[in-house]
file model33.csv (CSV, C-alpha atoms)
chain,number,residue,atom,x,y,z
A,1,MET,CA,-40.6,-14.5,-14.8
A,2,PHE,CA,-40.3,-10.7,-14.8
A,3,GLN,CA,-39.9,-10.8,-11.0
A,4,ALA,CA,-37.1,-13.4,-11.3
A,5,ILE,CA,-35.2,-11.2,-13.8
A,6,LYS,CA,-35.6,-8.2,-11.5
A,7,GLU,CA,-34.2,-10.3,-8.6
A,8,ASN,CA,-31.3,-11.5,-10.7
A,9,SER,CA,-30.5,-7.9,-11.7
A,10,ARG,CA,-30.6,-6.7,-8.0
A,11,THR,CA,-28.3,-9.6,-7.0
A,12,ASN,CA,-26.0,-8.7,-9.8
A,13,ASN,CA,-25.9,-5.1,-8.8
A,14,ILE,CA,-25.0,-6.0,-5.2
A,15,LYS,CA,-22.1,-8.2,-6.4
A,16,VAL,CA,-20.8,-5.4,-8.7
A,17,ARG,CA,-20.9,-3.0,-5.8
A,18,ILE,CA,-19.0,-5.4,-3.4
A,19,THR,CA,-16.4,-6.2,-6.1
A,20,VAL,CA,-15.8,-2.5,-6.9
A,21,TYR,CA,-15.6,-1.3,-3.3
A,22,LEU,CA,-13.3,-4.2,-2.2
A,23,THR,CA,-11.0,-3.3,-5.1
A,24,TYR,CA,-11.0,0.3,-3.9
A,25,ILE,CA,-9.9,-0.8,-0.4
A,26,VAL,CA,-7.0,-2.5,-2.1
A,27,GLN,CA,-6.3,0.7,-4.0
A,28,GLY,CA,-6.2,2.5,-0.7
A,29,PHE,CA,-3.4,0.1,0.2
A,30,ALA,CA,-1.6,0.8,-3.1
A,31,LEU,CA,-1.7,4.6,-2.5
A,32,ILE,CA,0.4,4.5,0.7
A,33,ILE,CA,2.1,1.1,0.8
A,34,LEU,CA,5.3,2.3,-0.8
A,35,ALA,CA,5.6,5.3,1.5
A,36,GLN,CA,4.9,3.2,4.6
A,37,THR,CA,7.5,0.6,3.7
A,38,VAL,CA,10.2,2.9,2.2
A,39,GLN,CA,12.8,1.8,4.7
A,40,GLN,CA,12.4,-1.9,4.1
A,41,LEU,CA,12.2,-1.4,0.3
A,42,SER,CA,15.4,0.7,0.3
A,43,GLU,CA,17.2,-2.2,1.9
A,44,LEU,CA,15.6,-4.7,-0.5
A,45,TRP,CA,16.7,-2.8,-3.6
A,46,HIS,CA,20.0,-1.5,-2.1
A,47,ALA,CA,18.9,2.0,-2.9
A,48,SER,CA,18.8,5.4,-1.2
A,49,ILE,CA,15.5,6.7,0.3
A,50,ALA,CA,15.4,9.2,-2.5
A,51,GLY,CA,15.7,6.5,-5.2
A,52,THR,CA,13.1,4.4,-3.5
A,53,THR,CA,10.5,7.2,-3.2
A,54,ALA,CA,11.1,8.0,-6.9
A,55,VAL,CA,9.4,4.6,-7.6
A,56,VAL,CA,6.2,6.2,-6.5
A,57,SER,CA,6.2,8.4,-9.6
A,58,ALA,CA,5.8,5.3,-11.7
A,59,ILE,CA,2.2,5.0,-10.5
A,60,GLY,CA,1.5,8.5,-11.9
A,61,ILE,CA,3.2,7.7,-15.2
A,62,GLY,CA,1.0,4.6,-15.5
A,63,LYS,CA,-2.1,6.5,-14.9
A,64,LEU,CA,-1.3,9.3,-17.4
A,65,ILE,CA,-0.6,6.7,-20.1
A,66,ALA,CA,-3.7,4.7,-19.4
A,67,TYR,CA,-6.6,7.0,-18.5
A,68,PRO,CA,-7.5,8.2,-22.0
A,69,ILE,CA,-7.1,4.8,-23.6
A,70,LEU,CA,-9.0,2.8,-20.9
A,71,GLY,CA,-11.6,5.4,-20.6
A,72,GLU,CA,-12.4,5.1,-24.3
A,73,LEU,CA,-12.4,1.3,-24.0
A,74,SER,CA,-14.9,1.5,-21.2
A,75,ASP,CA,-17.4,2.8,-23.7
A,76,HIS,CA,-16.9,0.0,-26.1
A,77,VAL,CA,-16.0,-3.3,-24.4
A,78,ASN,CA,-17.6,-5.3,-21.6
A,79,ARG,CA,-16.5,-3.6,-18.4
A,80,LYS,CA,-16.2,-6.9,-16.6
A,81,LYS,CA,-13.1,-7.6,-18.7
A,82,LEU,CA,-11.5,-4.2,-17.8
A,83,LEU,CA,-12.3,-4.6,-14.1
A,84,THR,CA,-10.7,-8.1,-14.2
A,85,LEU,CA,-7.7,-6.6,-15.9
A,86,SER,CA,-7.4,-4.1,-13.2
A,87,MET,CA,-7.5,-6.8,-10.5
A,88,VAL,CA,-4.9,-8.9,-12.3
A,89,MET,CA,-2.5,-6.0,-12.6
A,90,TYR,CA,-2.9,-5.1,-8.9
A,91,LEU,CA,-2.4,-8.8,-8.2
A,92,ILE,CA,1.0,-8.8,-10.0
A,93,PHE,CA,2.0,-5.6,-8.3
A,94,PHE,CA,1.3,-6.7,-4.7
A,95,THR,CA,2.6,-10.3,-5.3
A,96,ILE,CA,5.8,-9.6,-7.0
A,97,LEU,CA,7.0,-6.2,-5.7
A,98,PRO,CA,8.3,-7.4,-2.3
A,99,LEU,CA,10.3,-10.1,-4.2
A,100,THR,CA,12.0,-7.6,-6.6
A,101,LYS,CA,15.7,-7.0,-6.2
A,102,THR,CA,16.3,-3.9,-8.5
A,103,LEU,CA,14.9,-0.4,-8.8
A,104,PHE,CA,14.3,-0.9,-12.6
A,105,LEU,CA,12.1,-4.0,-12.1
A,106,ALA,CA,10.3,-2.2,-9.2
A,107,ILE,CA,9.5,0.7,-11.5
A,108,VAL,CA,8.1,-1.6,-14.1
A,109,ILE,CA,6.0,-3.5,-11.6
A,110,THR,CA,4.8,-0.2,-10.0
A,111,THR,CA,3.7,1.2,-13.3
A,112,LEU,CA,1.2,-1.7,-13.4
A,113,ALA,CA,-0.4,-0.3,-10.3
A,114,GLY,CA,-0.9,3.0,-12.1
A,115,LEU,CA,-2.5,1.1,-15.1
A,116,ALA,CA,-4.7,-0.8,-12.6
A,117,ASN,CA,-5.8,2.4,-11.0
A,118,ALA,CA,-6.8,3.9,-14.3
A,119,ALA,CA,-8.7,0.7,-15.4
A,120,LEU,CA,-10.6,0.6,-12.1
A,121,ASP,CA,-11.6,4.2,-12.3
A,122,SER,CA,-12.7,3.9,-15.9
A,123,VAL,CA,-15.0,1.1,-15.1
A,124,ALA,CA,-16.2,1.9,-11.6
A,125,TYR,CA,-17.4,5.5,-11.8
A,126,PRO,CA,-19.6,5.2,-14.9
A,127,THR,CA,-20.9,1.8,-13.8
A,128,LEU,CA,-21.9,2.9,-10.3
A,129,LEU,CA,-23.6,6.0,-11.8
A,130,GLU,CA,-25.7,3.6,-14.0
A,131,ILE,CA,-26.5,1.3,-11.1
A,132,ASN,CA,-27.7,4.3,-9.1
A,133,ARG,CA,-29.6,5.8,-12.0
A,134,GLY,CA,-27.4,8.9,-12.2
A,135,LYS,CA,-27.0,9.5,-8.5
A,136,SER,CA,-23.4,10.1,-7.3
A,137,SER,CA,-23.9,8.4,-3.9
A,138,GLY,CA,-22.1,5.2,-5.0
A,139,ASN,CA,-19.2,7.2,-6.4
A,140,VAL,CA,-18.9,9.3,-3.2
A,141,LEU,CA,-18.6,6.0,-1.2
A,142,ILE,CA,-15.5,5.2,-3.3
A,143,LYS,CA,-13.7,7.9,-1.3
A,144,ALA,CA,-14.6,6.2,2.0
A,145,MET,CA,-13.4,2.8,0.7
A,146,ILE,CA,-10.0,4.3,-0.3
A,147,SER,CA,-9.7,5.9,3.2
A,148,LEU,CA,-10.6,2.6,4.8
A,149,GLY,CA,-7.8,0.9,3.0
A,150,GLU,CA,-5.4,3.8,3.9
A,151,GLY,CA,-6.5,3.4,7.6
A,152,ILE,CA,-6.2,-0.4,7.8
A,153,LEU,CA,-2.7,-0.7,6.2
A,154,PRO,CA,-0.6,1.1,8.9
A,155,ILE,CA,-2.3,-1.0,11.6
A,156,ILE,CA,-1.4,-4.2,9.8
A,157,LEU,CA,2.2,-3.0,9.2
A,158,VAL,CA,2.7,-2.1,12.9
A,159,ALA,CA,1.3,-5.6,13.9
A,160,LEU,CA,3.8,-7.3,11.6
A,161,LEU,CA,6.8,-5.2,12.7
A,162,GLU,CA,6.0,-5.7,16.4
A,163,ARG,CA,6.1,-9.4,15.8
A,164,GLN,CA,9.2,-9.2,13.6
A,165,ILE,CA,7.3,-10.7,10.7
A,166,TRP,CA,8.6,-10.0,7.2
A,167,PHE,CA,7.1,-6.8,5.7
A,168,GLY,CA,6.2,-8.5,2.4
A,169,TRP,CA,3.2,-10.2,4.1
A,170,LEU,CA,1.7,-6.7,4.1
A,171,PHE,CA,1.6,-6.8,0.3
A,172,TRP,CA,0.3,-10.3,0.3
A,173,VAL,CA,-2.7,-9.3,2.5
A,174,ALA,CA,-3.8,-7.2,-0.5
A,175,THR,CA,-3.1,-10.2,-2.7
A,176,ALA,CA,-5.4,-12.3,-0.6
A,177,LEU,CA,-8.2,-9.7,-0.8
A,178,LEU,CA,-7.8,-9.6,-4.6
A,179,ILE,CA,-8.1,-13.4,-4.9
A,180,ILE,CA,-11.4,-13.2,-3.0
A,181,ASP,CA,-12.5,-10.3,-5.2
A,182,LEU,CA,-11.7,-12.3,-8.4
A,183,ALA,CA,-13.6,-15.3,-7.1
A,184,LEU,CA,-16.6,-13.1,-6.6
A,185,MET,CA,-16.1,-11.6,-10.0
A,186,VAL,CA,-16.5,-15.0,-11.7
A,187,SER,CA,-20.1,-15.2,-10.4
A,188,ILE,CA,-21.1,-11.9,-12.0
A,189,ASP,CA,-23.1,-12.3,-15.2
A,190,ALA,CA,-20.8,-10.9,-18.0
A,191,GLU,CA,-23.8,-10.0,-20.2
A,192,ARG,CA,-25.2,-7.8,-17.4
A,193,PHE,CA,-22.0,-6.0,-16.5
A,194,TYR,CA,-23.2,-2.8,-18.1
A,195,PRO,CA,-21.5,-2.9,-21.5
A,196,ILE,CA,-22.0,0.3,-23.4
A,197,LYS,CA,-23.8,-0.4,-26.7
A,198,ARG,CA,-25.1,2.7,-28.3
A,199,SER,CA,-28.6,2.2,-29.6
A,200,GLU,CA,-31.5,4.4,-30.4
A,201,LYS,CA,-32.6,4.1,-26.8
A,202,THR,CA,-29.3,5.0,-25.2
A,203,VAL,CA,-28.2,7.8,-27.5
A,204,ASP,CA,-28.7,11.3,-26.2
A,205,SER,CA,-31.2,13.1,-28.4
A,206,GLN,CA,-29.3,16.4,-28.1
A,207,ASN,CA,-26.2,15.2,-29.9
A,208,ASN,CA,-27.3,11.9,-31.5
A,209,GLY,CA,-24.3,10.1,-30.0
A,210,VAL,CA,-21.8,12.4,-31.7
A,211,TRP,CA,-18.9,13.7,-29.6
A,212,ASN,CA,-18.6,17.5,-29.4
A,213,TRP,CA,-16.8,19.9,-27.1
A,214,ARG,CA,-19.4,21.7,-25.1
A,215,ILE,CA,-18.4,24.5,-22.8
A,216,GLN,CA,-19.7,22.4,-19.9
A,217,LYS,CA,-17.3,19.5,-20.8
A,218,ILE,CA,-14.3,21.8,-21.0
A,219,LEU,CA,-15.0,23.5,-17.7
A,220,PHE,CA,-15.5,20.2,-15.8
A,221,LEU,CA,-12.3,18.8,-17.3
A,222,ILE,CA,-10.6,21.9,-15.9
A,223,TYR,CA,-12.5,21.2,-12.6
A,224,GLY,CA,-11.0,17.7,-12.6
A,225,PHE,CA,-7.5,19.3,-12.6
A,226,SER,CA,-8.3,22.1,-10.2
A,227,ALA,CA,-10.2,20.0,-7.6
A,228,MET,CA,-7.4,17.5,-7.5
A,229,TRP,CA,-4.8,20.4,-7.2
A,230,THR,CA,-6.8,21.9,-4.3
A,231,MET,CA,-6.7,18.7,-2.2
A,232,ILE,CA,-3.1,17.7,-3.0
A,233,HIS,CA,-1.8,21.3,-2.6
A,234,PHE,CA,-3.4,21.6,0.8
A,235,THR,CA,-2.1,18.3,2.2
A,236,GLN,CA,1.4,18.9,0.8
A,237,TRP,CA,2.0,22.2,2.5
A,238,ILE,CA,-0.5,22.8,5.4
A,239,THR,CA,1.7,21.1,8.1
A,240,ARG,CA,4.9,23.0,7.0
A,241,TYR,CA,3.0,26.3,6.6
A,242,PHE,CA,1.8,26.3,10.2
A,243,HIS,CA,5.2,25.1,11.6
A,244,ILE,CA,7.3,27.5,9.6
A,245,VAL,CA,5.1,30.6,9.0
A,246,GLN,CA,2.8,30.5,12.1
A,247,SER,CA,5.4,28.9,14.4
A,248,PHE,CA,3.2,26.1,15.6
A,249,SER,CA,4.9,23.1,17.3
A,250,VAL,CA,5.6,20.0,15.2
A,251,ALA,CA,2.9,18.1,17.1
A,252,SER,CA,0.2,20.9,16.6
A,253,SER,CA,1.1,21.2,12.9
A,254,HIS,CA,0.7,17.5,12.3
A,255,VAL,CA,-2.6,17.2,14.2
A,256,LEU,CA,-4.2,19.6,11.7
A,257,MET,CA,-4.0,16.8,9.1
A,258,SER,CA,-6.0,14.6,11.4
A,259,PHE,CA,-8.8,17.3,11.5
A,260,TYR,CA,-8.7,17.4,7.7
A,261,SER,CA,-8.9,13.6,7.5
A,262,VAL,CA,-11.9,13.5,9.9
A,263,GLY,CA,-13.6,16.3,8.0
A,264,SER,CA,-13.1,14.3,4.8
A,265,LEU,CA,-14.8,11.2,6.3
A,266,VAL,CA,-17.6,13.3,7.7
A,267,GLY,CA,-18.0,14.9,4.2
A,268,VAL,CA,-18.2,11.5,2.5
A,269,GLY,CA,-20.9,10.4,4.9
A,270,LEU,CA,-23.0,13.6,4.5
A,271,LEU,CA,-22.7,13.6,0.7
A,272,PHE,CA,-23.6,9.9,0.5
A,273,VAL,CA,-26.8,10.4,2.5
A,274,VAL,CA,-27.8,13.7,0.7
A,275,THR,CA,-27.2,12.3,-2.8
A,276,ASN,CA,-28.8,8.9,-2.1
A,277,ARG,CA,-31.9,10.6,-0.7
A,278,SER,CA,-31.8,13.3,-3.4
A,279,TRP,CA,-32.5,16.0,-0.8
A,280,ILE,CA,-30.5,18.6,-2.7
A,281,SER,CA,-29.6,18.6,-6.4
A,282,GLU,CA,-26.0,17.6,-7.1
A,283,LYS,CA,-25.3,20.8,-9.0
A,284,LEU,CA,-26.3,22.8,-5.9
A,285,LEU,CA,-24.3,20.5,-3.7
A,286,LEU,CA,-21.2,21.4,-5.8
A,287,ILE,CA,-21.8,25.1,-5.1
A,288,LEU,CA,-22.1,24.4,-1.3
A,289,THR,CA,-18.9,22.3,-1.3
A,290,ALA,CA,-17.0,24.9,-3.4
A,291,LEU,CA,-18.2,27.7,-1.0
A,292,GLY,CA,-17.3,25.6,2.0
A,293,THR,CA,-13.8,25.1,0.6
A,294,ILE,CA,-13.3,28.8,0.3
A,295,ILE,CA,-14.6,29.4,3.8
A,296,GLY,CA,-12.5,26.7,5.4
A,297,LEU,CA,-9.4,27.8,3.6
A,298,SER,CA,-10.0,31.4,4.6
A,299,ILE,CA,-10.3,30.4,8.2
A,300,VAL,CA,-7.0,28.4,7.9
A,301,LEU,CA,-5.1,31.3,6.4
A,302,LEU,CA,-6.4,33.8,8.9
A,303,SER,CA,-5.7,31.5,11.9
A,304,HIS,CA,-2.9,32.2,14.4
A,305,GLU,CA,-4.1,29.7,17.0
A,306,PRO,CA,-4.4,25.9,16.8
A,307,ILE,CA,-8.1,25.8,17.6
A,308,SER,CA,-9.2,28.1,14.8
A,309,ALA,CA,-6.8,26.4,12.4
A,310,SER,CA,-8.2,23.0,13.3
A,311,VAL,CA,-11.8,24.2,12.7
A,312,GLY,CA,-10.7,25.6,9.3
A,313,CYS,CA,-9.0,22.3,8.4
A,314,PHE,CA,-12.1,20.3,9.4
A,315,ILE,CA,-14.4,22.5,7.2
A,316,PHE,CA,-11.9,22.3,4.3
A,317,GLY,CA,-11.8,18.5,4.7
A,318,ILE,CA,-15.6,18.2,4.6
A,319,SER,CA,-15.9,20.5,1.6
A,320,ALA,CA,-12.9,19.8,-0.6
A,321,ALA,CA,-12.1,16.2,0.2
A,322,GLY,CA,-15.5,14.8,1.1
A,323,GLY,CA,-16.6,13.8,-2.4
A,324,SER,CA,-16.6,17.0,-4.5
A,325,LEU,CA,-14.3,15.4,-7.1
A,326,GLN,CA,-16.8,12.6,-7.5
A,327,LEU,CA,-19.7,15.0,-7.7
A,328,GLY,CA,-17.9,16.9,-10.4
A,329,LEU,CA,-17.5,13.8,-12.5
A,330,GLY,CA,-21.2,13.0,-12.1
A,331,GLN,CA,-22.0,16.4,-13.6
A,332,LEU,CA,-19.6,15.9,-16.4
A,333,ILE,CA,-21.0,12.5,-17.3
A,334,ALA,CA,-24.6,14.0,-17.1
A,335,SER,CA,-23.6,16.5,-19.8
A,336,ASP,CA,-23.1,13.6,-22.3
A,337,PRO,CA,-23.9,10.1,-20.8
A,338,ASN,CA,-23.2,8.4,-24.2
A,339,PHE,CA,-19.4,8.9,-23.5
A,340,SER,CA,-19.3,8.2,-19.8
A,341,GLY,CA,-16.1,6.1,-20.1
A,342,ARG,CA,-14.3,8.6,-22.2
A,343,LEU,CA,-15.3,11.4,-20.0
A,344,THR,CA,-14.1,9.5,-16.9
A,345,GLY,CA,-10.8,8.8,-18.4
A,346,LEU,CA,-10.2,12.4,-19.5
A,347,TYR,CA,-11.4,13.7,-16.1
A,348,PHE,CA,-8.9,11.7,-14.1
A,349,PHE,CA,-6.2,12.3,-16.8
A,350,PHE,CA,-6.4,16.0,-16.0
A,351,GLY,CA,-6.5,15.2,-12.3
A,352,SER,CA,-3.3,13.1,-12.8
A,353,ILE,CA,-1.6,16.0,-14.5
A,354,ALA,CA,-2.3,18.2,-11.4
A,355,LEU,CA,-1.0,15.4,-9.2
A,356,LEU,CA,2.2,15.4,-11.3
A,357,ILE,CA,3.0,19.1,-11.6
A,358,MET,CA,1.6,20.5,-8.3
A,359,PRO,CA,4.6,19.4,-6.2
A,360,ILE,CA,7.0,20.8,-8.8
A,361,ALA,CA,5.2,24.1,-9.3
A,362,THR,CA,4.6,24.9,-5.7
A,363,GLY,CA,8.0,23.4,-4.5
A,364,PHE,CA,9.8,25.9,-6.7
A,365,PHE,CA,8.4,28.8,-4.6
A,366,ALA,CA,7.8,27.2,-1.2
A,367,SER,CA,11.2,27.7,0.2
A,368,GLN,CA,11.1,31.5,0.0
A,369,HIS,CA,7.4,32.3,-0.4
A,370,LEU,CA,5.4,29.6,1.6
A,371,ARG,CA,2.7,32.1,2.6
A,372,GLY,CA,2.2,33.1,-1.0
A,373,VAL,CA,2.0,29.4,-2.0
A,374,MET,CA,-0.8,28.9,0.4
A,375,LEU,CA,-2.6,32.1,-0.5
A,376,SER,CA,-2.5,31.0,-4.2
A,377,LEU,CA,-4.7,28.1,-3.2
A,378,LEU,CA,-7.5,30.6,-2.8
A,379,VAL,CA,-7.2,31.4,-6.5
A,380,VAL,CA,-7.7,27.7,-7.4
A,381,ALA,CA,-10.6,27.4,-5.0
A,382,GLY,CA,-12.2,30.5,-6.6
A,383,LEU,CA,-11.8,28.9,-10.0
A,384,ASN,CA,-13.7,25.8,-8.8
A,385,PHE,CA,-16.5,28.1,-7.4
A,386,PHE,CA,-16.8,29.8,-10.8
A,387,ILE,CA,-17.1,26.5,-12.7
A,388,VAL,CA,-19.8,25.1,-10.4
A,389,ILE,CA,-21.8,28.4,-10.5
A,390,PHE,CA,-21.6,28.4,-14.3
A,391,ASN,CA,-22.8,24.8,-14.4
A,392,PHE,CA,-25.7,25.6,-12.1
A,393,TYR,CA,-27.0,28.5,-14.2
A,394,HIS,CA,-26.2,26.8,-17.5
A,395,THR,CA,-28.2,23.7,-16.7
A,396,MET,CA,-31.0,25.8,-15.3
A,397,LYS,CA,-31.3,27.7,-18.6
A,398,LYS,CA,-31.3,24.4,-20.5
call {"tool": "encode", "arguments": {"input": "model33.csv", "output": "structure tokens"}}
result
Amino acid sequence: MFQAIKENSRTNNIKVRITVYLTYIVQGFALIILAQTVQQLSELWHASIAGTTAVVSAIGIGKLIAYPILGELSDHVNRKKLLTLSMVMYLIFFTILPLTKTLFLAIVITTLAGLANAALDSVAYPTLLEINRGKSSGNVLIKAMISLGEGILPIILVALLERQIWFGWLFWVATALLIIDLALMVSIDAERFYPIKRSEKTVDSQNNGVWNWRIQKILFLIYGFSAMWTMIHFTQWITRYFHIVQSFSVASSHVLMSFYSVGSLVGVGLLFVVTNRSWISEKLLLILTALGTIIGLSIVLLSHEPISASVGCFIFGISAAGGSLQLGLGQLIASDPNFSGRLTGLYFFFGSIALLIMPIATGFFASQHLRGVMLSLLVVAGLNFFIVIFNFYHTMKK
């Protein structure tokens, strides 16, 4: 009987992983689908390109509203319900958006995508940590699933456009994936979907299940902001920096982003293997990724030739975008596992703030001081390095 229970638990874990990762492939669609179809959506809504791209901000608004609330709920309700809610909101977004006729309705529908993103993160990250017994390998793989979705979508779009098929079918491909995902979700045992119920066995003996603001929590919430800022800042300005400041050709400037993306995927693979095998502690891995980020960025900023710039972008991609954000969350949750949902919500809430204000803050100076804007990224990378060094020595002392 014990063996049967163990087998059921293993099967349930596999289903949970498949469901979560398939939903993240869909999220990869959601992150770029508006930008990839901006021309068609502008015609659909009878709006300018600027008005259409403004709809993207609705995703950020939805995430900012939802992260603290849904993160808290993830600690108190059965997470299967929250994951189902995420899928349903994504289903509404992908199914209805290509049928909308006005910008206002589009903004309302797109806000649901932000809410769905927040619900998915609030469930997936703490759940995968629990399944993997505290290892961040499952969370690091989320990055790969998002990248997979972002890579597949343009291929499907090109295939549709070449055959002169209506662009809305691109949205409905995601709808079909979500229907399959929901069908699988039905077979998952609700009672075994990792509901958080604080008991004497699950309560951390150091704080007796009572929330408190430890220095480690505060620093890693800042890390959630600064790590997100680092990635978005780099991808926002790296192409323009080398084209304007270093006088690279348009083609050479854009190719640098490809080296960054390849580095990101290599980093995900490396971190997944290392964390899954537990070859190096995750707190030490964070130090290595933070140091690699500074090294890669330094090479980039000192480069005057495409080859060295490409090497720097590759190293930066491995270090900054290969799963360091997920590793940081793992360390934050490890500081107080009784509040894993709340901490996940707060962590990505701070990341969403960075996503919202970074383009505004850097764009204000970029037209006249683009070199300075890129140099300022070293300060943010240095802050990340300080946080992970503090975490390493703080946990060693404990």
call {"tool": "residues_around", "arguments": {"input": "model33.csv", "residues": "Leu170 of chain A", "least_positions_apart": "2", "cutoff": "8 Å", "atoms": "only C-alpha atoms", "output": "list in words"}}
result
Leu153, Ile156, Leu157, Leu160, Phe167, Gly168, Trp172, Val173 and Ala174 of chain A
call {"tool": "residues_around", "arguments": {"input": "model33.csv", "residues": "Lys63 of chain A", "least_positions_apart": "6", "cutoff": "9 Å", "atoms": "all atoms listed in the file", "output": "ChimeraX atom specification"}}
result
/A:111-119,348-349,352
call {"tool": "atom_distance", "arguments": {"input": "model33.csv", "atom1": "atom CA of Ala366 of chain A", "atom2": "atom CA of Arg240 of chain A"}}
result
9.7 Å
call {"tool": "residues_near_point", "arguments": {"input": "model33.csv", "point": "(-5.4, 6.2, -20.8)", "cutoff": "10 Å", "atoms": "only C-alpha atoms", "output": "list in words"}}
result
Gly62, Lys63, Leu64, Ile65, Ala66, Tyr67, Pro68, Ile69, Leu70, Gly71, Glu72, Leu73, Leu115, Ala118, Ala119, Ser122, Arg342, Gly345, Leu346, Phe348 and Phe349 of chain A
call {"tool": "residues_around", "arguments": {"input": "model33.csv", "residues": "Ser137 of chain A", "least_positions_apart": "2", "cutoff": "7 Å", "atoms": "all atoms listed in the file", "output": "list in words"}}
result
Lys135, Asn139, Val140, Leu141, Phe272, Thr275 and Asn276 of chain A
call {"tool": "closest_residue", "arguments": {"input": "model33.csv", "among": "A:Phe248, A:Phe94, A:Phe316, A:Phe220", "to": "Ile109 of chain A", "atoms": "only C-alpha atoms"}}
result
A:Phe94
call {"tool": "atom_distance", "arguments": {"input": "model33.csv", "atom1": "atom CA of Thr293 of chain A", "atom2": "atom CA of Ser57 of chain A"}}
result
28.0 Å
call {"tool": "closest_residue", "arguments": {"input": "model33.csv", "among": "A:Val300, A:Leu83, A:Leu355, A:Leu343", "to": "Val186 of chain A", "atoms": "all atoms listed in the file"}}
result
A:Leu83
call {"tool": "closest_residue", "arguments": {"input": "model33.csv", "among": "A:Met231, A:Leu327, A:Ile146, A:Val311", "to": "Ile287 of chain A", "atoms": "only C-alpha atoms"}}
result
A:Leu327
call {"tool": "atom_distance", "arguments": {"input": "model33.csv", "atom1": "atom CA of Leu332 of chain A", "atom2": "atom CA of Ser264 of chain A"}}
result
22.2 Å
call {"tool": "closest_residue", "arguments": {"input": "model33.csv", "among": "A:Phe171, A:Ala124, A:Gln36, A:Ala227", "to": "Phe350 of chain A", "atoms": "only C-alpha atoms"}}
result
A:Ala227
call {"tool": "residues_around", "arguments": {"input": "model33.csv", "residues": "Thr19 of chain A", "least_positions_apart": "6", "cutoff": "7 Å", "atoms": "all atoms listed in the file", "output": "PyMOL selection string"}}
result
chain A and resi 181+184-185
call {"tool": "residues_near_point", "arguments": {"input": "model33.csv", "point": "(3.2, 30.2, 6.7)", "cutoff": "9 Å", "atoms": "only C-alpha atoms", "output": "PyMOL selection string"}}
result
chain A and resi 238+240-247+301+369-374
call {"tool": "closest_residue", "arguments": {"input": "model33.csv", "among": "A:Ile61, A:Val55, A:Ala144, A:Ile32", "to": "Val262 of chain A", "atoms": "only C-alpha atoms"}}
result
A:Ala144
call {"tool": "closest_residue", "arguments": {"input": "model33.csv", "among": "A:Val56, A:Ile155, A:Ala309, A:Val20", "to": "Leu356 of chain A", "atoms": "only C-alpha atoms"}}
result
A:Val56
call {"tool": "residues_around", "arguments": {"input": "model33.csv", "residues": "Val380 of chain A", "least_positions_apart": "3", "cutoff": "7 Å", "atoms": "only C-alpha atoms", "output": "PDB file with C-alpha atoms, keeping the file's coordinate frame"}}
result
ATOM      1  CA  SER A 226      -8.300  22.100 -10.200  1.00  0.00           C
ATOM      2  CA  THR A 230      -6.800  21.900  -4.300  1.00  0.00           C
ATOM      3  CA  SER A 376      -2.500  31.000  -4.200  1.00  0.00           C
ATOM      4  CA  LEU A 377      -4.700  28.100  -3.200  1.00  0.00           C
ATOM      5  CA  LEU A 383     -11.800  28.900 -10.000  1.00  0.00           C
ATOM      6  CA  ASN A 384     -13.700  25.800  -8.800  1.00  0.00           C
TER       7      ASN A 384
END
